[in-house]
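Okay, coords.cif is below, mmCIF, C-alpha atoms:
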data_my_file
#
loop_
_atom_site.label_atom_id
_atom_site.label_comp_id
_atom_site.auth_asym_id
_atom_site.auth_seq_id
_atom_site.Cartn_x
_atom_site.Cartn_y
_atom_site.Cartn_z
CA MET A 1 20.93 -24.58 -8.21
CA LYS A 2 18.16 -26.89 -7.10
CA TYR A 3 15.60 -24.31 -6.02
CA TYR A 4 16.14 -21.43 -8.48
CA LYS A 5 17.25 -20.69 -12.02
CA TRP A 6 18.81 -17.66 -13.67
CA THR A 7 16.60 -15.62 -15.99
CA GLN A 8 16.28 -12.16 -17.53
CA LYS A 9 12.66 -11.83 -16.40
CA GLY A 10 11.36 -12.61 -12.96
CA GLU A 11 9.07 -15.59 -12.47
CA GLY A 12 6.51 -15.08 -9.72
CA ARG A 13 6.42 -12.18 -7.31
CA LYS A 14 9.51 -10.17 -6.45
CA ILE A 15 11.04 -11.10 -3.07
CA GLY A 16 13.74 -8.44 -2.96
CA LYS A 17 17.28 -7.47 -3.91
CA ILE A 18 20.08 -9.97 -3.23
CA GLY A 19 23.45 -8.47 -4.06
CA ASP A 20 22.91 -6.66 -7.35
CA TYR A 21 20.18 -9.03 -8.50
CA CYS A 22 16.42 -9.39 -8.11
CA LEU A 23 15.17 -12.52 -6.36
CA TYR A 24 11.75 -13.79 -7.36
CA GLU A 25 9.79 -16.84 -6.19
CA LYS A 26 11.48 -19.23 -8.63
CA THR A 27 14.18 -17.23 -10.38
CA ILE A 28 17.09 -14.88 -9.83
CA THR A 29 17.70 -12.32 -12.58
CA GLU A 30 20.84 -11.97 -14.63
CA GLU A 31 20.22 -8.23 -14.73
CA LYS A 32 20.90 -5.83 -11.88
CA CYS A 33 18.02 -4.99 -9.57
CA GLU A 34 16.94 -1.40 -9.07
CA GLU A 35 14.86 -0.39 -6.06
CA ASN A 36 12.17 2.29 -6.42
CA LYS A 37 11.98 4.84 -3.63
CA PRO A 38 8.70 6.59 -2.78
CA ASN A 39 8.21 10.04 -4.27
CA ILE A 40 8.45 12.99 -1.88
CA THR A 41 5.66 15.54 -2.22
CA GLN A 42 6.52 19.11 -1.24
CA THR A 43 3.92 21.81 -0.78
CA TYR A 44 4.00 25.50 0.09
CA GLY A 45 5.24 25.90 3.66
CA SER A 46 6.67 22.40 3.93
CA PHE A 47 10.13 21.86 5.40
CA LYS A 48 12.54 19.06 6.22
CA PHE A 49 12.74 17.67 9.73
CA ILE A 50 15.56 15.33 10.85
CA TYR A 51 14.70 12.51 13.26
CA GLY A 52 17.79 10.66 14.52
CA PRO A 53 20.42 9.38 14.15
CA SER A 54 20.21 8.99 17.93
CA ALA A 55 16.84 9.95 19.35
CA GLY A 56 14.47 8.77 22.05
CA GLY A 57 12.40 5.83 20.89
CA LEU A 58 14.87 4.52 18.30
CA LEU A 59 16.39 1.20 19.34
CA GLU A 60 19.16 1.38 16.70
CA THR A 61 21.00 4.16 14.91
CA ILE A 62 19.14 5.42 11.84
CA LYS A 63 18.34 8.90 10.50
CA PHE A 64 15.00 9.83 8.94
CA ILE A 65 14.75 12.88 6.70
CA ILE A 66 11.09 13.85 6.92
CA THR A 67 9.32 16.38 4.71
CA THR A 68 6.39 17.84 6.63
CA ASN A 69 4.10 20.86 6.83
CA GLY A 70 4.06 20.71 10.61
CA GLU A 71 2.02 17.58 11.38
CA LYS A 72 1.47 15.41 8.33
CA ILE A 73 4.42 13.48 6.87
CA LEU A 74 4.56 14.37 3.17
CA GLY A 75 7.75 12.48 2.34
CA ILE A 76 10.47 10.52 4.04
CA ASP A 77 13.88 9.01 3.36
CA ALA A 78 16.21 7.02 5.61
CA GLU A 79 19.95 6.96 6.11
CA VAL A 80 21.59 3.93 7.73
CA TYR A 81 24.74 4.57 9.76
CA LYS A 82 25.71 1.09 10.87
CA ASN A 83 27.43 -0.05 7.66
CA ARG A 84 29.53 -3.19 8.02
CA GLU A 85 31.69 -4.98 5.47
CA ILE A 86 32.03 -8.64 6.48
CA VAL A 87 34.60 -10.72 4.61
CA ILE A 88 33.46 -14.30 4.03
CA SER A 89 35.09 -15.14 0.69
CA GLY A 90 38.11 -17.39 1.10
CA LEU A 91 36.84 -18.96 4.31
CA THR A 92 35.72 -22.52 4.95
CA VAL A 93 32.03 -23.01 5.64
CA ASP A 94 32.70 -23.53 9.36
CA ASP A 95 34.71 -20.32 9.63
CA ALA A 96 32.12 -18.40 7.60
CA LEU A 97 29.39 -19.57 9.98
CA LEU A 98 31.09 -17.77 12.88
CA ARG A 99 30.48 -14.50 11.04
CA VAL A 100 27.11 -15.29 9.49
CA GLU A 101 25.50 -16.18 12.83
CA ARG A 102 26.62 -12.83 14.28
CA ILE A 103 25.21 -10.56 11.55
CA ASN A 104 22.03 -10.15 13.62
CA ALA A 105 21.97 -12.23 16.82
CA PRO A 106 18.14 -12.19 17.27
CA PHE A 107 17.87 -13.72 13.75
CA SER A 108 20.92 -15.98 14.06
CA ALA A 109 19.01 -19.21 13.38
CA SER A 110 17.38 -17.76 10.26
CA HIS A 111 20.72 -16.47 8.93
CA THR A 112 22.71 -19.63 9.57
CA ILE A 113 20.03 -22.03 8.32
CA SER A 114 19.44 -20.04 5.13
CA PHE A 115 23.20 -19.85 4.55
CA LEU A 116 23.65 -23.60 5.15
CA LEU A 117 20.71 -24.48 2.90
CA ALA A 118 22.39 -22.46 0.14
CA VAL A 119 25.71 -24.23 0.80
CA GLU A 120 24.00 -27.62 0.74
CA ASP A 121 22.24 -26.61 -2.46
CA SER A 122 25.62 -25.80 -4.02
CA LEU A 123 26.93 -29.23 -2.92
CA GLU A 124 23.73 -30.98 -4.06
CA LEU A 125 23.50 -32.44 -0.56
CA GLU A 126 20.15 -33.70 0.74
CA GLN A 127 19.51 -32.91 4.40
CA ASP A 128 18.64 -35.70 6.82
CA TYR A 129 15.04 -35.51 7.99
CA PRO A 130 15.94 -35.11 11.71
CA THR A 131 18.19 -32.18 10.78
CA GLN A 132 15.35 -30.56 8.85
CA LEU A 133 13.00 -30.92 11.83
CA LYS A 134 15.53 -29.46 14.26
CA ARG A 135 16.08 -26.49 11.95
CA ILE A 136 12.34 -25.83 11.99
CA ALA A 137 12.41 -25.95 15.80
CA GLU A 138 15.15 -23.31 15.85
CA ILE A 139 13.35 -20.98 13.45
CA GLU A 140 10.01 -21.25 15.27
CA LEU A 141 11.59 -20.63 18.68
CA GLU A 142 13.30 -17.60 17.16
CA ARG A 143 9.96 -16.44 15.70
CA ILE A 144 8.23 -16.66 19.07
CA ARG A 145 11.03 -14.75 20.79
CA ASN A 146 11.14 -11.99 18.18
CA HIS A 147 7.35 -11.56 17.99
CA LEU A 148 7.20 -11.25 21.78
CA PHE A 149 9.89 -8.57 21.60
CA VAL A 150 8.18 -6.61 18.79
CA ILE A 151 4.87 -6.63 20.68
CA SER A 152 6.69 -5.44 23.82
CA ARG A 153 8.06 -2.52 21.78
CA LEU A 154 4.51 -1.65 20.72
CA THR A 155 3.17 -1.76 24.27
CA GLU A 156 6.12 0.31 25.52
CA THR A 157 5.37 2.94 22.89
CA THR A 158 1.80 3.05 24.22
CA SER A 159 3.17 3.46 27.80
CA LEU A 160 1.58 0.16 28.91
CA ASN A 161 4.36 -0.75 31.32
CA VAL A 162 2.82 -3.86 32.91
CA PRO A 163 2.39 -5.85 29.66
CA THR A 164 5.71 -4.48 28.40
CA TYR A 165 7.72 -5.95 31.27
CA HIS A 166 5.63 -9.11 31.29
CA LEU A 167 6.40 -9.65 27.59
CA LEU A 168 10.11 -9.00 28.17
CA HIS A 169 9.95 -11.56 30.98
CA LEU A 170 8.59 -14.08 28.44
CA VAL A 171 11.40 -13.16 26.01
CA GLU A 172 13.86 -14.03 28.76
CA LYS A 173 12.06 -17.33 29.40
CA VAL A 174 12.39 -18.26 25.72
CA ASN A 175 16.08 -17.27 25.76
CA ARG A 176 16.71 -19.48 28.78
CA LEU A 177 14.84 -22.39 27.18
CA ILE A 178 16.93 -22.05 24.01
CA GLY A 179 20.11 -21.81 26.07
CA LYS A 180 19.22 -24.96 28.01
CA MET A 181 18.47 -26.98 24.86
CA CYS A 182 21.18 -25.66 22.56
CA GLY A 183 23.93 -24.30 24.82
CA HIS A 184 23.52 -20.72 23.59
CA ARG A 185 20.64 -18.27 23.83
CA TYR A 186 21.08 -17.15 20.21
CA PHE A 187 21.98 -20.54 18.65
CA PHE A 188 25.66 -19.60 18.23
CA GLY A 189 27.79 -22.66 17.43
CA VAL A 190 24.74 -24.88 16.99
CA ASN A 191 24.43 -25.32 13.21
CA ALA A 192 26.63 -27.11 10.69
CA ILE A 193 26.28 -28.66 7.26
CA ASN A 194 23.49 -31.24 7.64
CA GLY A 195 23.66 -31.04 11.43
CA VAL A 196 22.12 -29.36 14.49
CA ASN A 197 23.71 -29.69 17.93
CA CYS A 198 20.63 -29.25 20.17
CA ASP A 199 18.79 -31.49 22.60
CA PHE A 200 15.11 -30.57 22.22
CA GLY A 201 13.90 -32.73 25.09
CA ASN A 202 12.48 -29.69 26.93
CA LEU A 203 10.64 -28.32 23.92
CA LEU A 204 7.18 -28.72 25.47
CA ARG A 205 8.00 -26.00 28.00
CA ILE A 206 7.00 -23.60 25.25
CA ILE A 207 3.36 -24.47 26.03
CA ASP A 208 3.40 -22.66 29.39
CA ILE A 209 5.12 -19.62 27.85
CA THR A 210 2.48 -19.46 25.12
CA LYS A 211 -0.39 -19.78 27.60
CA GLU A 212 1.05 -16.86 29.56
CA PHE A 213 1.35 -14.83 26.36
CA LYS A 214 -2.24 -15.63 25.35
CA GLN A 215 -3.52 -13.91 28.51
CA ILE A 216 -1.51 -10.77 27.68
CA PHE A 217 -2.62 -10.88 24.04
CA ASP A 218 -6.30 -11.16 24.96
CA GLY A 219 -5.92 -8.22 27.34
CA LEU A 220 -4.32 -6.05 24.66
CA LEU A 221 -7.16 -6.85 22.25
CA GLU A 222 -9.56 -5.33 24.79
CA SER A 223 -7.49 -2.17 25.33
CA ARG A 224 -8.82 0.76 23.31
CA ILE A 225 -5.82 2.83 24.42
CA PHE A 226 -3.58 0.32 22.65
CA ILE A 227 -5.71 -0.54 19.63
CA ASP A 228 -6.59 3.07 18.74
CA ARG A 229 -2.91 3.90 18.20
CA LEU A 230 -2.48 1.01 15.74
CA GLN A 231 -5.65 0.91 13.65
CA GLU A 232 -5.45 2.75 10.30
CA ASN A 233 -1.81 3.59 11.08
CA GLY A 234 0.73 2.73 8.37
CA LYS A 235 -1.72 1.00 6.12
CA ILE A 236 -0.09 -0.62 3.09
CA ILE A 237 -0.99 -3.32 0.58
CA ASP A 238 1.98 -4.06 -1.65
CA GLU A 239 2.50 -7.09 -3.90
CA ASN A 240 6.22 -6.95 -3.12
CA SER A 241 5.74 -7.08 0.65
CA ILE A 242 6.98 -9.95 2.81
CA GLY A 243 6.51 -11.52 6.23
CA PRO A 244 3.92 -10.23 8.73
CA ALA A 245 3.50 -7.03 6.68
CA ALA A 246 2.29 -9.10 3.71
CA ARG A 247 0.11 -11.45 5.74
CA ALA A 248 -1.48 -8.53 7.62
CA ALA A 249 -2.66 -7.28 4.21
CA GLY A 250 -4.33 -10.59 3.31
CA LEU A 251 -1.44 -11.84 1.15
CA THR A 252 -0.51 -15.48 1.78
CA TYR A 253 3.20 -15.00 1.18
CA ASP A 254 5.22 -17.28 3.44
CA ALA A 255 8.50 -19.05 2.61
CA ARG A 256 7.50 -21.87 4.97
CA LYS A 257 4.78 -22.70 2.45
CA ASP A 258 6.33 -21.43 -0.80
CA PHE A 259 9.86 -22.77 -0.38
CA LYS A 260 10.09 -26.54 0.12
CA ALA A 261 13.55 -26.91 1.67
CA LEU A 262 12.08 -27.56 5.15
CA PRO A 263 9.12 -29.96 5.66
CA TYR A 264 6.60 -27.62 7.27
CA GLU A 265 3.81 -29.35 5.35
CA ASP A 266 4.38 -32.48 7.48
CA LEU A 267 3.54 -30.54 10.66
CA GLY A 268 0.08 -29.21 9.86
CA PHE A 269 1.44 -25.70 9.33
CA ARG A 270 -1.16 -22.98 8.74
CA THR A 271 -0.41 -19.51 7.36
CA VAL A 272 -1.89 -16.74 9.53
CA ILE A 273 -3.44 -13.83 7.61
CA THR A 274 -5.60 -10.80 8.42
CA GLN A 275 -7.12 -8.10 6.22
CA GLU A 276 -6.29 -4.93 8.20
CA ALA A 277 -3.02 -4.06 6.37
CA ASP A 278 -2.06 -1.60 9.13
CA SER A 279 -0.01 -1.61 12.35
CA PHE A 280 -2.87 -3.38 14.13
CA GLY A 281 -2.92 -6.10 11.48
CA ARG A 282 0.83 -6.63 11.84
CA PHE A 283 0.36 -6.89 15.62
CA LEU A 284 -2.44 -9.44 15.13
CA VAL A 285 -0.35 -11.57 12.77
CA ARG A 286 2.57 -11.66 15.19
CA GLY A 287 0.34 -12.56 18.12
CA MET A 288 -1.43 -15.36 16.28
CA GLU A 289 1.86 -16.63 14.84
CA ILE A 290 3.25 -17.06 18.36
CA ILE A 291 0.37 -19.44 19.08
CA GLU A 292 0.75 -21.18 15.71
CA SER A 293 4.52 -21.59 16.16
CA ALA A 294 3.93 -23.19 19.56
CA LYS A 295 1.61 -25.73 17.91
CA ILE A 296 4.34 -26.55 15.38
CA LEU A 297 6.86 -27.05 18.21
CA VAL A 298 4.49 -29.42 20.02
CA GLU A 299 4.17 -31.46 16.81
CA LEU A 300 7.97 -31.46 16.45
CA HIS A 301 8.61 -32.72 19.98
CA ASP A 302 7.61 -36.32 19.36
CA GLU A 303 9.32 -36.35 15.96
CA ILE A 304 12.78 -35.34 17.16
CA LYS A 305 13.01 -36.40 20.82
CA ASN A 306 14.72 -39.69 19.90
CA SER A 307 17.24 -38.15 17.52
CA ASN A 308 18.63 -35.21 19.53
CA ASN A 309 22.25 -36.30 19.32
CA GLU A 310 22.23 -37.53 15.74
CA ARG A 311 24.19 -35.68 13.08
CA GLY A 312 23.94 -36.22 9.37
CA LYS A 313 26.73 -36.73 6.88
CA ASN A 314 28.90 -33.63 6.85
CA HIS A 315 30.21 -33.32 3.29
CA LYS A 316 32.23 -30.11 2.92
CA GLN A 317 34.12 -30.66 -0.32
CA GLY A 318 33.03 -29.92 -3.85
CA GLY A 319 31.66 -26.76 -5.35
CA GLY A 320 28.86 -25.06 -7.23
CA GLU A 321 26.31 -22.34 -6.59
CA GLY A 322 23.28 -22.42 -4.37
CA LEU A 323 20.46 -20.14 -3.33
CA ALA A 324 18.00 -20.64 -0.47
CA ARG A 325 15.60 -18.65 1.67
CA VAL A 326 13.77 -19.11 4.94
CA GLU A 327 10.85 -17.33 6.56
CA SER A 328 12.56 -15.33 9.30
CA PRO A 329 10.36 -13.63 11.93
CA SER A 330 10.15 -10.53 9.70
CA GLY A 331 9.96 -12.25 6.30
CA ASP A 332 12.10 -13.76 3.56
CA LEU A 333 15.82 -14.05 4.32
CA ALA A 334 17.97 -15.42 1.48
CA TYR A 335 21.59 -16.34 0.75
CA TYR A 336 23.27 -16.92 -2.60
CA VAL A 337 26.57 -18.81 -2.29
CA LYS A 338 29.31 -19.87 -4.69
CA LEU A 339 31.51 -22.64 -3.33
CA ASN A 340 34.86 -23.88 -4.67
CA ASN A 341 36.29 -27.07 -3.18
CA GLY A 342 34.76 -26.37 0.22
CA ILE A 343 35.85 -22.70 0.25
CA ILE A 344 33.45 -19.75 -0.04
CA ASP A 345 34.08 -18.05 -3.39
CA SER A 346 31.37 -15.39 -3.06
CA VAL A 347 28.14 -14.78 -1.15
CA SER A 348 25.16 -12.40 -1.35
CA LEU A 349 22.47 -11.68 1.21
CA LEU A 350 18.87 -10.49 1.21
CA THR A 351 17.60 -9.49 4.65
CA PRO A 352 13.93 -8.89 5.48
CA SER A 353 14.80 -5.55 7.05
CA GLN A 354 15.94 -4.24 3.65
CA VAL A 355 12.49 -4.91 2.19
CA ASN A 356 10.54 -3.86 5.27
CA LEU A 357 12.34 -0.51 5.51
CA ASN A 358 11.14 0.34 1.99
CA LEU A 359 7.62 -0.76 2.93
CA PHE A 360 7.70 1.37 6.07
CA LEU A 361 8.82 4.45 4.11
CA LYS A 362 5.85 3.98 1.78
CA SER A 363 3.37 3.34 4.60
CA VAL A 364 4.30 6.44 6.60
CA ILE A 365 3.34 8.93 3.86
CA ASN A 366 0.34 11.08 4.90
CA THR A 367 0.39 9.83 8.48
CA ILE A 368 1.08 12.20 11.38
CA PHE A 369 4.31 12.29 13.33
CA THR A 370 2.76 11.19 16.64
CA ASP A 371 1.83 7.88 14.97
CA PHE A 372 5.34 7.36 13.61
CA GLN A 373 6.74 5.18 16.41
CA PHE A 374 3.83 2.72 16.49
CA ASN A 375 4.10 2.16 12.74
CA TRP A 376 7.89 1.78 12.89
CA GLU A 377 7.82 -0.85 15.64
CA SER A 378 5.09 -2.86 13.90
CA PHE A 379 7.45 -3.79 11.03
CA GLY A 380 10.06 -5.41 13.30
CA ILE A 381 12.99 -3.87 11.42
CA TRP A 382 16.59 -4.54 12.53
CA VAL A 383 18.76 -1.71 11.22
CA SER A 384 21.88 -3.80 11.95
CA GLU A 385 20.95 -6.09 9.04
CA ILE A 386 20.43 -3.36 6.47
CA GLY A 387 23.98 -1.97 6.33
CA VAL A 388 25.70 -5.36 5.94
CA MET A 389 27.81 -6.02 2.85
CA LEU A 390 29.23 -9.53 2.49
CA LYS A 391 32.46 -9.93 0.53
#

Would you mind writing the file out in structure tokens?
Amino acid sequence: MKYYKWTQKGEGRKIGKIGDYCLYEKTITEEKCEENKPNITQTYGSFKFIYGPSAGGLLETIKFIITTNGEKILGIDAEVYKNREIVISGLTVDDALLRVERINAPFSASHTISFLLAVEDSLELEQDYPTQLKRIAEIELERIRNHLFVISRLTETTSLNVPTYHLLHLVEKVNRLIGKMCGHRYFFGVNAINGVNCDFGNLLRIIDITKEFKQIFDGLLESRIFIDRLQENGKIIDENSIGPAARAAGLTYDARKDFKALPYEDLGFRTVITQEADSFGRFLVRGMEIIESAKILVELHDEIKNSNNERGKNHKQGGGEGLARVESPSGDLAYYVKLNNGIIDSVSLLTPSQVNLNLFLKSVINTIFTDFQFNWESFGIWVSEIGVMLK
């Protein structure tokens, strides 16, 4: 593997659990990875309250087992119902892609690009520079779309209907822009080994979408009704955090900077951080990252406009093992792949939602139930990712 090595002790901070193993910044352990769950404190008069698996406010099916004394949350555990076993072993890379890109459609670009980087790592294949740039364009468009959606969920929870529907309108605009440039709103069928089938000639249209968002964002920053529900809610500073949750706590963790598979450093990329460490901080990071991602896309436009129809060498034979990660909208997303003569031998997956669910469960302790939904939405968790087992 080009990017990682096997070890018995982790080197750098812990990213998360991939398969049975712990993934760190530069290593993957040979020993199995155990996850620590938060302790549940029970006091006299406390009882268990079940929220879910299907309840108002929950976008996906999940059950929370909450220990409470009536208002304060003393302990919490989660049970995921959407468990899926997806068979990828024995497939060609092209056939496997059809399943990988559908694990979580809103994060399809992040999943497929991380998977392909791991495949290319196993083949010791260097990506063409235009392909690398186009992959960045996909991921940043996906980041803008997802951050807009997460913020719309926060405004909906606060019953701010006008910005909610305006934000969803912008999500639709991004979807239509992606569909026009790539032939599919969720990048299905777009990616291949060392290749991206998109025409990014209309990429600068993202400027108008971002300007429209900036007006909404500035308005929300002046709304005490909105801000009061987020500040000091779900505060957490954790060295093992990822994505916006980490950067909201002042931690500069970002795979775009830490992991060198994609040339973000050539585009003047800047990591956005705040010091709040709460739901408001996570909202701030997402809002500012929308603006930062738009700047990256403007820089990309001139770089890739003359190479939209180019495809790199598509070597599919050979074998080996590879591991790669990308900075998805919610944090590190990694694939570990073993390849044998162009056929998938085995594959493991680390999704950001796995890590963020654990962070959420820690952050919700000692908060009150009426603040639950705002904290939950601020992490941008997709339950559909958590119950996936690749075989």

Could you tell me which of A:Phe374, A:Tyr81, A:Phe269, A:Phe107 comes closest to Phe187 in chain A if we count all atoms listed in the file?
->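 Checking each candidate against Phe187 in chain A, we get A:Phe107 as the closest.
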
Go through A:Leu230, A:Met389, A:Ile144, A:Val364 one by one, measure the shortest atom-to-atom distance of each to Ile73 in chain A using only C-alpha atoms, and give the residue with the smallest value.
-> A:Val364

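When the PyMOL selection byres ((chain A and resi 211-218) around 8) is evaluated against the file, it yields Pro163, Leu167, Leu170, Ile207, Asp208, Ile209, Thr210, Gly219, Leu220, Leu221, Glu222, Gly287 and Ile291 of chain A.
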
Mind writing the picked residues with C-alpha atoms as a short mmCIF file (atom, residue, chain, number, x, y, z; two decimals), keeping the file's coordinate frame?
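Result saved to selection.cif:
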data_model
loop_
_atom_site.label_atom_id
_atom_site.label_comp_id
_atom_site.auth_asym_id
_atom_site.auth_seq_id
_atom_site.Cartn_x
_atom_site.Cartn_y
_atom_site.Cartn_z
CA PRO A 163 2.39 -5.85 29.66
CA LEU A 167 6.40 -9.65 27.59
CA LEU A 170 8.59 -14.08 28.44
CA ILE A 207 3.36 -24.47 26.03
CA ASP A 208 3.40 -22.66 29.39
CA ILE A 209 5.12 -19.62 27.85
CA THR A 210 2.48 -19.46 25.12
CA GLY A 219 -5.92 -8.22 27.34
CA LEU A 220 -4.32 -6.05 24.66
CA LEU A 221 -7.16 -6.85 22.25
CA GLU A 222 -9.56 -5.33 24.79
CA GLY A 287 0.34 -12.56 18.12
CA ILE A 291 0.37 -19.44 19.08
#

Counting all atoms listed in the file, write as a list in words all protein and nucleic acid residues lying at most 7 Å from (13.6, 17.1, 10.6) in the file's frame.
-> Lys48, Phe49, Ile50, Tyr51, Ile65 and Ile66 of chain A

Leaving out Gln8 in chain A and any residue of its chain fewer than 4 positions from it, which residues lie within 8 Å of it when counting all atoms listed in the file, given as a PDB file with C-alpha atoms, in the frame of the given file?
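Now in part10.pdb:
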ATOM      1  CA  THR A  29      17.700 -12.320 -12.580  1.00  0.00           C
ATOM      2  CA  GLU A  30      20.840 -11.970 -14.630  1.00  0.00           C
ATOM      3  CA  GLU A  31      20.220  -8.230 -14.730  1.00  0.00           C
TER       4      GLU A  31
END
